[in-house]
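Asker: Input file: structure.pdb. Contents: PDB, C-alpha atoms.
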MODEL        1
ATOM      1  CA  PRO A   1     104.608  98.152  67.831
ATOM      2  CA  GLU A   2     106.688 101.323  67.976
ATOM      3  CA  TRP A   3     105.592 102.015  71.538
ATOM      4  CA  ALA A   4     107.012  98.775  72.873
ATOM      5  CA  ASN A   5     109.719  98.932  75.513
ATOM      6  CA  ARG A   6     112.844  97.913  73.620
ATOM      7  CA  ASP A   7     115.136  98.968  76.508
ATOM      8  CA  LEU A   8     113.943  96.156  78.769
ATOM      9  CA  ALA A   9     114.247  96.617  82.515
ATOM     10  CA  SER A  10     117.266  98.922  82.517
ATOM     11  CA  ASP A  11     118.635 101.992  80.786
ATOM     12  CA  GLU A  12     121.053  99.850  78.791
ATOM     13  CA  LYS A  13     120.366  99.579  75.073
ATOM     14  CA  VAL A  14     120.184  95.998  73.873
ATOM     15  CA  ARG A  15     120.112  94.350  70.487
ATOM     16  CA  ASP A  16     116.581  93.453  69.453
ATOM     17  CA  GLY A  17     115.579  90.687  67.098
ATOM     18  CA  PHE A  18     112.734  90.035  64.695
ATOM     19  CA  ARG A  19     109.024  90.251  65.407
ATOM     20  CA  CYS A  20     106.030  88.059  64.674
ATOM     21  CA  HIS A  21     103.274  89.462  62.455
ATOM     22  CA  HIS A  22     100.360  88.917  64.818
ATOM     23  CA  TYR A  23     100.219  92.481  66.155
ATOM     24  CA  ASP A  24      97.077  94.440  65.307
ATOM     25  CA  ALA A  25      96.802  97.967  66.698
ATOM     26  CA  GLU A  26      93.004  97.783  66.361
ATOM     27  CA  ASP A  27      92.741  94.650  68.514
ATOM     28  CA  PRO A  28      92.718  95.415  72.266
ATOM     29  CA  LYS A  29      94.398  92.140  73.215
ATOM     30  CA  PHE A  30      97.623  93.559  71.720
ATOM     31  CA  THR A  31      97.330  97.014  73.268
ATOM     32  CA  THR A  32      95.661  96.626  76.677
ATOM     33  CA  PRO A  33      98.382  96.913  79.354
ATOM     34  CA  TYR A  34      98.878  94.068  81.809
ATOM     35  CA  GLU A  35      99.722  94.574  85.463
ATOM     36  CA  TRP A  36     102.976  92.617  85.747
ATOM     37  CA  LYS A  37     103.756  91.256  89.194
ATOM     38  CA  TYR A  38     106.811  89.054  88.720
ATOM     39  CA  CYS A  39     108.329  89.556  85.254
ATOM     40  CA  GLU A  40     110.327  92.714  84.606
ATOM     41  CA  GLY A  41     110.282  95.104  81.635
ATOM     42  CA  MET A  42     107.767  93.078  79.637
ATOM     43  CA  GLU A  43     105.212  94.479  77.184
ATOM     44  CA  VAL A  44     101.889  93.276  75.790
ATOM     45  CA  GLY A  45     102.107  93.127  71.973
ATOM     46  CA  GLU A  46     105.852  92.455  71.992
ATOM     47  CA  THR A  47     107.631  89.377  70.580
ATOM     48  CA  TYR A  48     109.905  87.203  72.724
ATOM     49  CA  GLU A  49     111.842  84.056  71.878
ATOM     50  CA  VAL A  50     111.904  81.640  74.797
ATOM     51  CA  HIS A  51     114.844  79.277  75.264
ATOM     52  CA  TRP A  52     114.847  76.182  77.462
ATOM     53  CA  PRO A  53     118.426  74.814  77.747
ATOM     54  CA  HIS A  54     118.483  71.056  78.401
ATOM     55  CA  SER A  55     121.311  68.844  79.597
ATOM     56  CA  ALA A  56     121.960  65.217  80.439
ATOM     57  CA  ALA A  57     124.455  66.495  83.016
ATOM     58  CA  GLY A  58     121.892  68.623  84.860
ATOM     59  CA  ALA A  59     120.616  67.954  88.363
ATOM     60  CA  CYS A  60     117.564  66.343  86.778
ATOM     61  CA  GLY A  61     114.652  65.560  89.072
ATOM     62  CA  THR A  62     116.149  67.415  92.046
ATOM     63  CA  VAL A  63     115.522  70.795  93.661
ATOM     64  CA  ASN A  64     118.691  72.085  91.961
ATOM     65  CA  GLN A  65     117.491  71.343  88.423
ATOM     66  CA  TYR A  66     116.841  74.974  87.402
ATOM     67  CA  GLN A  67     119.789  77.337  87.477
ATOM     68  CA  SER A  68     120.779  80.886  86.528
ATOM     69  CA  PRO A  69     123.047  81.314  84.719
ATOM     70  CA  PHE A  70     121.928  78.321  82.675
ATOM     71  CA  TYR A  71     125.539  77.189  82.218
ATOM     72  CA  ASP A  72     125.581  76.106  85.897
ATOM     73  CA  GLY A  73     122.667  73.802  85.154
ATOM     74  CA  VAL A  74     124.108  72.471  81.899
ATOM     75  CA  PHE A  75     127.441  71.550  83.514
ATOM     76  CA  CYS A  76     126.198  70.692  87.010
ATOM     77  CA  ASN A  77     127.484  67.093  86.878
ATOM     78  CA  LEU A  78     130.177  67.611  84.254
ATOM     79  CA  ASP A  79     133.541  69.086  85.198
ATOM     80  CA  MET A  80     136.185  70.053  82.654
ATOM     81  CA  GLU A  81     137.975  66.696  82.840
ATOM     82  CA  ALA A  82     134.760  64.751  82.222
ATOM     83  CA  PHE A  83     133.835  67.160  79.427
ATOM     84  CA  GLN A  84     137.182  66.610  77.722
ATOM     85  CA  ASN A  85     136.810  62.832  78.128
ATOM     86  CA  ILE A  86     133.452  62.938  76.346
ATOM     87  CA  VAL A  87     134.923  64.938  73.483
ATOM     88  CA  ALA A  88     137.894  62.566  73.301
ATOM     89  CA  THR A  89     135.794  59.393  73.288
ATOM     90  CA  ALA A  90     132.444  60.312  71.717
ATOM     91  CA  GLY A  91     133.629  63.357  69.793
ATOM     92  CA  ALA A  92     131.550  66.444  69.186
ATOM     93  CA  GLN A  93     128.515  64.233  68.559
ATOM     94  CA  GLY A  94     128.617  63.247  72.232
ATOM     95  CA  ILE A  95     127.994  66.877  73.205
ATOM     96  CA  ALA A  96     125.354  67.479  70.523
ATOM     97  CA  SER A  97     123.471  64.413  71.736
ATOM     98  CA  ALA A  98     123.566  65.401  75.420
ATOM     99  CA  VAL A  99     123.033  69.194  75.401
ATOM    100  CA  GLY A 100     120.244  70.973  73.589
ATOM    101  CA  VAL A 101     117.880  73.924  73.555
ATOM    102  CA  HIS A 102     114.176  74.259  72.893
ATOM    103  CA  GLY A 103     113.285  77.526  71.137
ATOM    104  CA  GLN A 104     109.756  78.903  70.755
ATOM    105  CA  VAL A 105     108.560  82.383  69.759
ATOM    106  CA  PHE A 106     105.566  84.196  71.239
ATOM    107  CA  THR A 107     103.679  87.442  70.888
ATOM    108  CA  ILE A 108     102.249  88.461  74.264
ATOM    109  CA  VAL A 109      98.539  89.249  74.383
ATOM    110  CA  ASN A 110      96.246  90.408  77.160
ATOM    111  CA  ASP A 111      93.695  87.664  76.577
ATOM    112  CA  GLU A 112      93.221  84.758  78.961
ATOM    113  CA  SER A 113      92.035  82.387  76.243
ATOM    114  CA  TYR A 114      95.796  82.109  75.511
ATOM    115  CA  PHE A 115      96.737  81.188  79.082
ATOM    116  CA  TYR A 116      99.182  78.293  79.597
ATOM    117  CA  ALA A 117     100.033  77.377  83.181
ATOM    118  CA  ASP A 118     103.420  75.667  82.985
ATOM    119  CA  MET A 119     106.070  77.280  80.801
ATOM    120  CA  MET A 120     108.860  76.039  83.101
ATOM    121  CA  ARG A 121     109.161  72.535  81.708
ATOM    122  CA  GLY A 122     109.993  73.209  78.062
ATOM    123  CA  MET A 123     108.529  73.934  74.671
ATOM    124  CA  ILE A 124     104.737  73.924  74.603
ATOM    125  CA  ILE A 125     103.557  70.987  72.500
ATOM    126  CA  ASP A 126      99.846  71.263  71.841
ATOM    127  CA  GLY A 127      98.160  71.355  68.436
ATOM    128  CA  GLU A 128     100.190  73.642  66.164
ATOM    129  CA  MET A 129     102.462  74.593  69.041
ATOM    130  CA  GLY A 130     105.647  72.541  68.882
ATOM    131  CA  GLU A 131     104.546  70.782  65.698
ATOM    132  CA  ASP A 132     106.733  72.316  62.947
ATOM    133  CA  ILE A 133     110.272  71.898  64.271
ATOM    134  CA  ALA A 134     113.656  72.747  62.758
ATOM    135  CA  TYR A 135     116.612  70.694  64.042
ATOM    136  CA  TYR A 136     120.251  71.716  63.691
ATOM    137  CA  THR A 137     123.492  71.927  65.647
ATOM    138  CA  GLY A 138     124.580  75.329  66.825
ATOM    139  CA  SER A 139     125.887  77.063  69.930
ATOM    140  CA  THR A 140     124.814  79.179  72.862
ATOM    141  CA  THR A 141     123.638  82.663  71.917
ATOM    142  CA  GLY A 142     123.576  86.098  73.564
ATOM    143  CA  THR A 143     124.701  89.599  72.685
ATOM    144  CA  SER A 144     128.379  88.925  73.411
ATOM    145  CA  ARG A 145     128.389  86.941  70.147
ATOM    146  CA  ASP A 146     127.877  88.183  66.612
ATOM    147  CA  ASN A 147     129.304  87.337  63.199
ATOM    148  CA  GLU A 148     132.817  88.320  64.258
ATOM    149  CA  PHE A 149     133.098  86.707  67.695
ATOM    150  CA  CYS A 150     131.422  83.319  68.127
ATOM    151  CA  SER A 151     130.484  81.014  71.001
ATOM    152  CA  ALA A 152     132.811  78.116  71.808
ATOM    153  CA  TYR A 153     129.910  76.278  73.485
ATOM    154  CA  ALA A 154     129.275  74.158  70.402
ATOM    155  CA  PRO A 155     128.023  71.953  68.902
ATOM    156  CA  ILE A 156     124.746  71.636  70.780
ATOM    157  CA  THR A 157     121.366  70.641  69.396
ATOM    158  CA  TRP A 158     118.665  73.182  68.663
ATOM    159  CA  GLN A 159     115.019  72.182  68.324
ATOM    160  CA  VAL A 160     113.163  75.311  67.208
ATOM    161  CA  ASP A 161     109.448  75.777  66.663
ATOM    162  CA  ARG A 162     109.259  77.548  63.295
ATOM    163  CA  LYS A 163     105.885  79.183  63.991
ATOM    164  CA  CYS A 164     105.060  82.342  65.961
ATOM    165  CA  HIS A 165     102.384  81.837  68.610
ATOM    166  CA  MET A 166     100.289  84.048  70.863
ATOM    167  CA  ILE A 167     100.352  83.574  74.629
ATOM    168  CA  SER A 168      98.823  85.514  77.494
ATOM    169  CA  ALA A 169     100.826  87.928  79.601
ATOM    170  CA  SER A 170      99.607  86.022  82.664
ATOM    171  CA  SER A 171     101.336  82.894  81.329
ATOM    172  CA  PHE A 172     104.668  84.693  81.424
ATOM    173  CA  ASP A 173     103.931  86.202  84.846
ATOM    174  CA  LYS A 174     103.124  82.727  86.165
ATOM    175  CA  LEU A 175     106.442  81.535  84.703
ATOM    176  CA  CYS A 176     108.322  84.341  86.458
ATOM    177  CA  TYR A 177     106.587  83.464  89.723
ATOM    178  CA  ASP A 178     107.662  79.828  89.312
ATOM    179  CA  MET A 179     111.209  80.961  88.592
ATOM    180  CA  LYS A 180     111.284  83.007  91.787
ATOM    181  CA  MET A 181     110.288  79.895  93.726
ATOM    182  CA  GLN A 182     113.309  77.824  92.634
ATOM    183  CA  ARG A 183     116.153  77.145  95.052
ATOM    184  CA  ASP A 184     118.628  79.010  92.857
ATOM    185  CA  ASP A 185     118.249  82.755  92.401
ATOM    186  CA  MET A 186     116.818  83.136  88.880
ATOM    187  CA  SER A 187     116.192  86.900  89.165
ATOM    188  CA  SER A 188     118.712  87.586  86.391
ATOM    189  CA  ASP A 189     116.367  85.842  83.944
ATOM    190  CA  LEU A 190     113.087  87.555  84.863
ATOM    191  CA  HIS A 191     113.440  90.031  81.982
ATOM    192  CA  ALA A 192     114.146  89.679  78.278
ATOM    193  CA  HIS A 193     117.749  89.462  77.141
ATOM    194  CA  GLY A 194     119.101  90.989  73.960
ATOM    195  CA  SER A 195     119.236  88.965  70.759
ATOM    196  CA  ARG A 196     122.192  87.719  68.788
ATOM    197  CA  GLU A 197     122.484  88.676  65.145
ATOM    198  CA  LEU A 198     121.156  86.099  62.704
ATOM    199  CA  VAL A 199     124.087  83.767  62.128
ATOM    200  CA  ASN A 200     126.082  84.312  58.958
ATOM    201  CA  HIS A 201     125.587  81.591  56.345
ATOM    202  CA  ASN A 202     129.240  80.550  56.672
ATOM    203  CA  TYR A 203     128.899  79.829  60.399
ATOM    204  CA  ALA A 204     125.582  77.940  60.222
ATOM    205  CA  ALA A 205     125.718  74.132  60.121
ATOM    206  CA  ASN A 206     124.888  72.213  56.968
ATOM    207  CA  ASN A 207     122.822  69.648  58.911
ATOM    208  CA  HIS A 208     119.500  71.486  59.204
ATOM    209  CA  TYR A 209     116.597  69.063  59.238
ATOM    210  CA  ILE A 210     112.879  69.882  59.095
ATOM    211  CA  PRO A 211     110.519  66.890  59.041
ATOM    212  CA  GLU A 212     107.436  67.082  56.896
ATOM    213  CA  VAL A 213     104.336  68.029  58.854
ATOM    214  CA  ALA A 214     101.253  66.178  57.668
ATOM    215  CA  ALA A 215      98.674  68.592  56.325
ATOM    216  CA  VAL A 216      95.312  68.331  58.034
ATOM    217  CA  GLU A 217      92.317  69.791  56.249
ATOM    218  CA  ALA A 218      90.389  71.853  58.757
ATOM    219  CA  GLU A 219      86.651  71.324  58.935
ATOM    220  CA  PRO A 220      84.488  74.456  58.833
ATOM    221  CA  ALA A 221      83.858  75.692  62.332
ATOM    222  CA  ALA A 222      80.276  75.746  63.516
ATOM    223  CA  ALA A 223      78.873  79.195  64.188
ATOM    224  CA  VAL A 224      78.791  79.958  67.901
ATOM    225  CA  GLU A 225      77.855  82.996  69.885
ATOM    226  CA  ALA A 226      80.761  85.010  71.191
ATOM    227  CA  GLU A 227      81.455  84.493  74.863
ATOM    228  CA  PRO A 228      82.803  87.137  77.201
ATOM    229  CA  ALA A 229      86.558  87.029  77.743
ATOM    230  CA  ALA A 230      87.605  84.686  80.523
ATOM    231  CA  ALA A 231      88.946  86.171  83.711
ATOM    232  CA  ASP A 232      92.671  86.090  84.328
ATOM    233  CA  PRO A 233      93.233  82.623  85.909
ATOM    234  CA  PHE A 234      96.363  83.918  87.588
ATOM    235  CA  LYS A 235      94.430  86.789  89.194
ATOM    236  CA  ARG A 236      91.883  84.325  90.554
ATOM    237  CA  ARG A 237      94.592  82.905  92.746
ATOM    238  CA  ASP A 238      95.354  84.385  96.140
ATOM    239  CA  LEU A 239      98.172  86.748  95.164
ATOM    240  CA  GLN A 240      98.616  87.921  98.739
ATOM    241  CA  ALA A 241      99.302  84.339  99.767
ATOM    242  CA  GLU A 242     101.724  83.938  96.843
ATOM    243  CA  ALA A 243     103.602  87.053  97.933
ATOM    244  CA  SER A 244     103.817  85.499 101.382
ATOM    245  CA  PHE A 245     105.272  82.318  99.863
ATOM    246  CA  ILE A 246     108.068  84.368  98.300
ATOM    247  CA  GLU A 247     108.732  86.115 101.615
ATOM    248  CA  ASP A 248     108.816  82.743 103.387
ATOM    249  CA  LYS A 249     111.298  81.471 100.807
ATOM    250  CA  MET A 250     113.734  84.170 101.932
ATOM    251  CA  LYS A 251     113.483  82.942 105.530
ATOM    252  CA  SER A 252     113.843  79.242 104.802
ATOM    253  CA  SER A 253     117.154  77.433 105.267
ATOM    254  CA  PHE A 254     115.994  75.150 102.440
ATOM    255  CA  TYR A 255     116.653  78.064 100.075
ATOM    256  CA  SER A 256     119.115  80.295 101.907
ATOM    257  CA  ASP A 257     122.016  77.877 102.452
ATOM    258  CA  LEU A 258     123.963  78.354  99.225
ATOM    259  CA  GLY A 259     126.038  75.294  99.994
ATOM    260  CA  ASP A 260     122.987  73.168  99.242
ATOM    261  CA  ASN A 261     122.975  74.276  95.600
ATOM    262  CA  VAL A 262     125.328  71.680  94.160
ATOM    263  CA  CYS A 263     125.234  73.331  90.720
ATOM    264  CA  ALA A 264     126.375  76.802  91.796
ATOM    265  CA  GLY A 265     129.482  77.921  89.928
ATOM    266  CA  LYS A 266     129.659  74.788  87.744
ATOM    267  CA  LYS A 267     129.829  76.746  84.477
ATOM    268  CA  LEU A 268     132.828  75.749  82.371
ATOM    269  CA  ALA A 269     134.597  78.844  81.078
ATOM    270  CA  LEU A 270     134.939  78.719  77.289
ATOM    271  CA  ASP A 271     135.841  82.109  75.844
ATOM    272  CA  ASN A 272     134.369  83.531  72.661
ATOM    273  CA  LYS A 273     136.660  83.240  69.649
ATOM    274  CA  LEU A 274     136.910  84.773  66.228
ATOM    275  CA  CYS A 275     134.259  83.047  64.134
ATOM    276  CA  ALA A 276     136.667  82.576  61.242
ATOM    277  CA  ASP A 277     139.066  80.651  63.516
ATOM    278  CA  LEU A 278     136.578  78.628  65.579
ATOM    279  CA  ASN A 279     135.065  76.342  62.927
ATOM    280  CA  ALA A 280     132.069  75.540  65.164
ATOM    281  CA  PRO A 281     128.387  75.861  64.165
ATOM    282  CA  GLN A 282     126.523  78.795  65.670
ATOM    283  CA  ALA A 283     122.959  79.702  66.698
ATOM    284  CA  GLY A 284     120.445  81.184  66.197
ATOM    285  CA  ALA A 285     120.420  80.249  62.574
ATOM    286  CA  ASN A 286     117.875  80.652  59.833
ATOM    287  CA  VAL A 287     115.062  78.082  60.250
ATOM    288  CA  THR A 288     113.314  78.769  56.947
ATOM    289  CA  LYS A 289     112.206  75.544  55.325
ATOM    290  CA  GLY A 290     114.862  74.346  52.886
ATOM    291  CA  TYR A 291     117.667  76.394  54.441
ATOM    292  CA  VAL A 292     121.043  74.701  54.865
ATOM    293  CA  GLY A 293     124.073  76.444  56.319
ATOM    294  CA  ASN A 294     127.446  76.590  54.619
ATOM    295  CA  LEU A 295     129.572  75.206  57.468
ATOM    296  CA  ASP A 296     130.445  71.573  56.863
ATOM    297  CA  VAL A 297     130.096  69.746  60.185
ATOM    298  CA  GLY A 298     130.803  66.307  58.751
ATOM    299  CA  GLU A 299     128.807  63.468  60.285
ATOM    300  CA  ILE A 300     127.557  65.452  63.284
ATOM    301  CA  LYS A 301     123.754  65.349  63.520
ATOM    302  CA  PRO A 302     121.308  67.185  65.775
ATOM    303  CA  ASN A 303     119.488  65.129  68.372
ATOM    304  CA  THR A 304     115.996  64.688  66.890
ATOM    305  CA  ASN A 305     114.616  62.678  69.812
ATOM    306  CA  PRO A 306     112.485  64.252  72.519
ATOM    307  CA  TYR A 307     115.064  65.513  74.980
ATOM    308  CA  TYR A 308     113.647  63.448  77.840
ATOM    309  CA  ALA A 309     114.283  60.323  75.757
ATOM    310  CA  SER A 310     117.987  61.220  75.848
ATOM    311  CA  SER A 311     118.000  61.602  79.655
ATOM    312  CA  MET A 312     118.062  65.384  79.274
ATOM    313  CA  CYS A 313     116.042  67.788  81.404
ATOM    314  CA  PRO A 314     115.425  71.547  81.241
ATOM    315  CA  VAL A 315     117.908  73.365  83.467
ATOM    316  CA  ASN A 316     116.790  76.952  82.870
ATOM    317  CA  VAL A 317     114.300  79.102  81.000
ATOM    318  CA  HIS A 318     114.953  82.588  79.667
ATOM    319  CA  TRP A 319     113.877  84.701  76.731
ATOM    320  CA  HIS A 320     115.238  87.151  74.212
ATOM    321  CA  LEU A 321     113.784  90.265  72.666
ATOM    322  CA  GLY A 322     112.376  89.202  69.316
TER     323      GLY A 322
ENDMDL
END
Show the structure stored in the file as structure tokens.

Answerer:
Amino acid sequence: PEWANRDLASDEKVRDGFRCHHYDAEDPKFTTPYEWKYCEGMEVGETYEVHWPHSAAGACGTVNQYQSPFYDGVFCNLDMEAFQNIVATAGAQGIASAVGVHGQVFTIVNDESYFYADMMRGMIIDGEMGEDIAYYTGSTTGTSRDNEFCSAYAPITWQVDRKCHMISASSFDKLCYDMKMQRDDMSSDLHAHGSRELVNHNYAANNHYIPEVAAVEAEPAAAVEAEPAAADPFKRRDLQAEASFIEDKMKSSFYSDLGDNVCAGKKLALDNKLCADLNAPQAGANVTKGYVGNLDVGEIKPNTNPYYASSMCPVNVHWHLG
């Protein structure tokens, strides 16, 4: 929609990405404003790509699991010496097998039949959601990278849902509330980030893999009477009490003692480099069925297992504009 807020939560112009094709200006679920309480600069009817970085070196299963910036979570238990040892012994495949990202694209609607309560833990896998996945090795993304300067955080696995889905605005607001309740300060990820340019064919890996999804013939749906829209399940909760929880968080030594966050500042500094000199696969790449990048990555393969099966956990969640 042309009216959508493409400037996010600040006056700074950011690079926007693609959009899903769900939007219908005649359908009120795409145009009825939502009263946001915790997310910032978000719009009903807009498209956002959610990323869940995962790492086997995260503080998995602890109160420090989720971190902003996500690099602190990815490298929480992996210093530069250990990182170099992995590369030296297991090669680049060791990194691609231990660090990955879930990617899933949503159009926000103001309709509670699309409510999902727990977006913190990773890609939504339910019916068609999380079913048609593209796997490839790439890199971290962000607007500091393009097709001239590339990310040196590579190769990492990408598992990307190829479909666009609809989700309620309240689902995102619940996610932002959950983010605000983490020990680490995740306020820098409560709004959409800008998008990286689609990766040039020459910098996309030649190991893209899309499994066949078994076709299921849908049975005709029985005619039913329309029911009134469900109430916002997030609004049914005691929002005044939730606001008090956030205030109490600020008073608690459990949250306020920064020394307790063992992942703080653990990001390993790897500078962007000229793409032509880096020779490392980049993301986000084309996930059209049949697409294969032009960058030969040899025997390196993406991790096609569920991330939890590789002792990886989500260490952050954030989203990009389109």

Asker: Selection in question (the file shown): the PyMOL selection byres ((chain A and resi 142-155) around 10). Which residues does it include, as an MDAnalysis selection string?

Answerer: chainID A and resid 14:16 71 92:97 99:100 136:141 156:158 193:203 205 268:284 297 300:302 320

Asker: Let me have the centre and edge lengths of the axis-aligned box enclosing all listed atoms of stretch 187-203 of chain A with 4 Å padding on every side, in Å to one decimal, as lines of an AutoDock Vina configuration file.

Answerer:
center_x = 121.2
center_y = 85.4
center_z = 72.8
size_x = 24.2
size_y = 19.2
size_z = 40.8

Asker: With distances taken over only C-alpha atoms, which of A:Ala134, A:Ala192, A:Met179, A:Val109 is nearest to A:Val292?

Answerer: A:Ala134

Asker: Rounded to one decimal in Å, what is the spacing between atom CA of A:Val74 and atom CA of A:Ala285?

Answerer: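 Atom-to-atom, atom CA of A:Val74 and atom CA of A:Ala285 are spaced 21.2 Å apart.
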
Asker: Could you tell me which residues the PyMOL selection byres ((chain A and resi 116) around 6) grabs in this file, written as a PyMOL selection string?

Answerer: chain A and resi 115+117+171

Asker: Measure the distance from atom CA of A:Ala82 to atom CA of A:Cys263 in Å and round it to one decimal.

Answerer: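 Here the two named atoms are 15.4 Å from each other.
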
Asker: Using all atoms listed in the file, which of A:Gly322, A:Pro28, A:Pro306, A:Pro314 sits nearest A:Gly130?

Answerer: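 For A:Gly130, the nearest of the given residues is A:Pro306.
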
Asker: Give as a list in words the residues that the PyMOL selection byres ((chain A and resi 27) around 12) matches when applied to the coordinates above.

Answerer: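 When the PyMOL selection byres ((chain A and resi 27) around 12) is applied to the shown file, the picked residues are His22, Tyr23, Asp24, Ala25, Glu26, Pro28, Lys29, Phe30, Thr31, Thr32, Val44, Gly45, Val109, Asn110 and Asp111 of chain A.
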
Asker: Tell me, as a count of residues only, which residues lie within 9 Å of A:Lys289, counting all atoms listed in the file; anything in the same chain fewer than 5 positions away does not count.

Answerer: 4

Asker: Between A:Lys174, A:His21, A:His102, A:Arg121, which has the minimum distance to A:Lys37 (counting only C-alpha atoms)?

Answerer: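 Ranked by minimum distance to A:Lys37, first place goes to A:Lys174.
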
Asker: Measuring between only C-alpha atoms, which one of A:Arg19, A:His191, A:Lys163, A:Arg183 shows the shortest distance to A:Trp36?

Answerer: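 Comparing A:Arg19, A:His191, A:Lys163, A:Arg183 against A:Trp36, the winner is A:His191.
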
Asker: Smallest atom-to-atom distance to A:Gly293: which of A:Asn85, A:His318, A:Asn206, A:Lys266, using all atoms listed in the file?

Answerer: A:Asn206

Asker: So, with all atoms listed in the file as the atoms that count, which of A:Gln104, A:Gln159, A:Thr89, A:Gln67 lies closest to A:Tyr307?

Answerer: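 Result for the nearest residue to A:Tyr307: A:Gln159.
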
Asker: I'd like the interatomic distance between atom CA of A:Gly61 and atom CA of A:Leu321, to a tenth of an Å.

Answerer: 29.7 Å

Asker: Quick one: residues within 10 Å of A:Asn316, all atoms listed in the file counted, chain neighbours fewer than 3 positions away excluded, as a list in words?

Answerer: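 The residues satisfying every condition are His51, Trp52, Pro53, His54, Ser55, Gly58, Gln65, Tyr66, Gln67, Ser68, Pro69, Phe70, Tyr71, Asp72, Gly73, Val74, Val101, Met120, Arg121, Gly122, Met179, Met186, Asp189 and Cys313 of chain A.
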
Asker: Hey, what's within 12 Å of A:Asp126 if we count all atoms listed in the file and toss same-chain stuff fewer than 3 positions away? As an MDAnalysis selection string, please?

Answerer: chainID A and resid 116 123 129:132 161 165

Asker: Based on the selection just made, write C-alpha atoms of those residues as a PDB file, keeping the file's coordinate frame.

Answerer:
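Result file follows (selection.pdb):
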ATOM      1  CA  TYR A 116      99.182  78.293  79.597  1.00  0.00           C
ATOM      2  CA  MET A 123     108.529  73.934  74.671  1.00  0.00           C
ATOM      3  CA  MET A 129     102.462  74.593  69.041  1.00  0.00           C
ATOM      4  CA  GLY A 130     105.647  72.541  68.882  1.00  0.00           C
ATOM      5  CA  GLU A 131     104.546  70.782  65.698  1.00  0.00           C
ATOM      6  CA  ASP A 132     106.733  72.316  62.947  1.00  0.00           C
ATOM      7  CA  ASP A 161     109.448  75.777  66.663  1.00  0.00           C
ATOM      8  CA  HIS A 165     102.384  81.837  68.610  1.00  0.00           C
TER       9      HIS A 165
END

Asker: Output stretch 92-105 of chain A from the block with N, CA and C atoms, as a compact mmCIF listing (two decimals), in the first residue's frame?

Answerer:
# COMPACT_ATOMS: atom_id res chain seq x y z
N ALA A 92 34.88 -24.39 6.64
CA ALA A 92 33.70 -23.54 6.57
C ALA A 92 32.42 -24.33 6.86
N GLN A 93 32.44 -25.63 6.55
CA GLN A 93 31.25 -26.45 6.82
C GLN A 93 30.93 -26.46 8.32
N GLY A 94 31.96 -26.39 9.16
CA GLY A 94 31.73 -26.37 10.60
C GLY A 94 30.89 -25.18 11.02
N ILE A 95 31.09 -24.02 10.37
CA ILE A 95 30.30 -22.83 10.68
C ILE A 95 28.90 -22.97 10.11
N ALA A 96 28.80 -23.42 8.86
CA ALA A 96 27.49 -23.56 8.22
C ALA A 96 26.61 -24.57 8.93
N SER A 97 27.20 -25.50 9.63
CA SER A 97 26.44 -26.52 10.34
C SER A 97 26.04 -26.08 11.75
N ALA A 98 26.65 -25.00 12.24
CA ALA A 98 26.44 -24.59 13.63
C ALA A 98 25.77 -23.23 13.78
N VAL A 99 25.67 -22.47 12.68
CA VAL A 99 25.03 -21.15 12.71
C VAL A 99 24.04 -21.07 11.56
N GLY A 100 22.84 -20.65 11.85
CA GLY A 100 21.83 -20.57 10.80
C GLY A 100 20.77 -19.54 11.11
N VAL A 101 19.92 -19.29 10.13
CA VAL A 101 18.83 -18.32 10.27
C VAL A 101 17.55 -18.95 9.74
N HIS A 102 16.47 -18.75 10.45
CA HIS A 102 15.13 -18.99 9.92
C HIS A 102 14.63 -17.69 9.31
N GLY A 103 14.04 -17.76 8.11
CA GLY A 103 13.43 -16.59 7.49
C GLY A 103 11.99 -16.88 7.11
N GLN A 104 11.08 -15.97 7.45
CA GLN A 104 9.66 -16.17 7.14
C GLN A 104 9.02 -14.80 6.89
N VAL A 105 8.18 -14.71 5.87
CA VAL A 105 7.64 -13.43 5.42
C VAL A 105 6.15 -13.34 5.75
